[in-house]
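A short worksheet on the structure shown next.
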Amino acid sequence: MMCSEYQYDSFLNKIKILLIMEGVIKNFKRARHHQTTNQMIVYINSIDSREKAAKLVDKTVVWKSPAGKEIKGKVRSAHGNSGAIRVLFETGMPGQAIGEKVVIS
């Protein structure tokens with residue numbers, strides 16, 4: 001059975017969406033009296049449950065600074081029950097990264 005060109009393109013777009021997602025950095029991982037600067041909490045629009053977020057563990061996250069420098073990290077765990085993830089970056093992240101987009105692949 002042959003797929004039409006439209007069905008094939010739709011299928012490829014779904015695969016691209018699954019492979020590359022965008023998220024927004026919301027905050028540092030923190031406690032009452034200190035924050036961990038190389039771990040960030042990231043929200044993704046298409047993820048809305050802890051189970052879906054848990055499937056992203058070990059995926060790579062990349063943040064691009066305004067100067068063009070890339071800081072890479074890995075998804076370590078889900079955070080909370082609303083689908084947020086905790087990302088461990090290579091180095092400490094600047095405060096300017098909060099509210100910025102990251103690419104998850």
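Chain lettering (A, B, ...) mirrors the order of the structure tokens, residue numbering begins at 1 for each chain separately, and ligand numbering begins at 1 in order of display.
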Q. If we count only C-alpha atoms, what is near Glu90 (chain A) at a cut-off of 8 Å, once residues fewer than 5 positions away on the same chain are taken out, given as a ChimeraX atom specification?
A. /A:38,71-73
Q: For Lys59 (chain A), list every protein, DNA or RNA residue within 6 Å, evaluated using only C-alpha atoms, and leave out those in the same chain fewer than 2 positions away; present the list as a list in words.
A: Leu56, Val57, Lys74, Val75 and Ser105 of chain A
Write a file of the just-selected residues containing N, CA and C atoms, as a compact mmCIF listing (two decimals), in the first residue's frame.
```txt
# COMPACT_ATOMS: atom_id res chain seq x y z
N LEU A 56 11.79 11.66 28.67
CA LEU A 56 12.84 12.51 28.11
C LEU A 56 14.18 12.38 28.82
N VAL A 57 14.26 11.55 29.85
CA VAL A 57 15.50 11.40 30.60
C VAL A 57 16.62 10.97 29.66
N LYS A 74 21.98 17.62 30.01
CA LYS A 74 21.20 16.40 29.86
C LYS A 74 20.02 16.43 30.80
N VAL A 75 18.92 15.86 30.34
CA VAL A 75 17.74 15.75 31.19
C VAL A 75 18.02 14.68 32.23
N SER A 105 16.82 17.50 22.15
CA SER A 105 16.89 16.50 21.08
C SER A 105 17.46 15.20 21.61
```
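The gap separating CA of Lys52 (chain A) from CA of Lys101 (chain A) is 19.5 Å, in Å to one decimal.
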Q. Looking at only C-alpha atoms, which of A:Lys26, A:Lys55, A:Arg50, A:His33 is the one that sits closest to Ile98 (chain A)?
A. A:Lys26
Assign secondary structure with DSSP using the backbone only, and return the residues of chain A in alpha helix (DSSP H) as a short mmCIF file (atom, residue, chain, number, x, y, z; two decimals) with N, CA and C atoms, in the first residue's frame.
```
data_model
loop_
_atom_site.label_atom_id
_atom_site.label_comp_id
_atom_site.auth_asym_id
_atom_site.auth_seq_id
_atom_site.Cartn_x
_atom_site.Cartn_y
_atom_site.Cartn_z
N GLU A 5 1.59 11.62 -0.93
CA GLU A 5 2.67 12.54 -0.59
C GLU A 5 2.33 13.34 0.67
N TYR A 6 1.05 13.72 0.82
CA TYR A 6 0.62 14.49 2.00
C TYR A 6 0.78 13.66 3.27
N GLN A 7 0.37 12.39 3.22
CA GLN A 7 0.49 11.53 4.39
C GLN A 7 1.96 11.33 4.76
N TYR A 8 2.81 11.18 3.77
CA TYR A 8 4.23 10.99 4.03
C TYR A 8 4.85 12.23 4.67
N ASP A 9 4.51 13.42 4.15
CA ASP A 9 5.02 14.66 4.73
C ASP A 9 4.52 14.84 6.15
N SER A 10 3.27 14.51 6.39
CA SER A 10 2.70 14.60 7.74
C SER A 10 3.44 13.66 8.69
N PHE A 11 3.74 12.47 8.22
CA PHE A 11 4.47 11.50 9.03
C PHE A 11 5.87 12.02 9.37
N LEU A 12 6.56 12.60 8.39
CA LEU A 12 7.90 13.13 8.64
C LEU A 12 7.87 14.29 9.63
N ASN A 13 6.86 15.15 9.53
CA ASN A 13 6.74 16.27 10.47
C ASN A 13 6.52 15.77 11.89
N LYS A 14 5.73 14.71 12.06
CA LYS A 14 5.52 14.14 13.40
C LYS A 14 6.83 13.60 13.96
N ILE A 15 7.63 12.96 13.12
CA ILE A 15 8.92 12.43 13.58
C ILE A 15 9.84 13.58 13.98
N LYS A 16 9.89 14.66 13.21
CA LYS A 16 10.73 15.81 13.55
C LYS A 16 10.30 16.42 14.88
N ILE A 17 8.99 16.49 15.10
CA ILE A 17 8.50 17.05 16.35
C ILE A 17 8.93 16.17 17.52
N LEU A 18 8.91 14.87 17.33
CA LEU A 18 9.31 13.96 18.41
C LEU A 18 10.81 14.03 18.67
N LEU A 19 11.60 14.28 17.64
CA LEU A 19 13.05 14.28 17.80
C LEU A 19 13.57 15.60 18.36
N ARG A 50 3.92 13.93 34.48
CA ARG A 50 5.20 13.40 34.94
C ARG A 50 5.65 12.20 34.10
N GLU A 51 4.72 11.38 33.67
CA GLU A 51 5.05 10.18 32.89
C GLU A 51 5.65 10.56 31.54
N LYS A 52 5.08 11.57 30.88
CA LYS A 52 5.63 12.03 29.60
C LYS A 52 7.00 12.66 29.79
N ALA A 53 7.17 13.40 30.88
CA ALA A 53 8.46 14.04 31.15
C ALA A 53 9.53 13.00 31.46
N ALA A 54 9.16 11.92 32.10
CA ALA A 54 10.12 10.87 32.45
C ALA A 54 10.69 10.19 31.21
#
```
Q: Mind listing the strand (DSSP E or B) residues of chain A, per DSSP on the backbone, as an MDAnalysis selection string?
A: chainID A and resid 21:30 35:43 60:64 70:79 84:89 101:104
Q.
One decimal, in Å: what's the spacing between CA of Gly99 (chain A) and CA of Asp58 (chain A)?
A. 22.3 Å
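Distances here use only C-alpha atoms; by that measure, the residue among A:Val42, A:Ile85, A:Val61, A:Ala67 closest to Val24 (chain A) is A:Val42.
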Q: Could you jot down the CA of Arg86 (chain A) to CA of Lys64 (chain A) separation for me, Å, one decimal place?
A: 17.8 Å
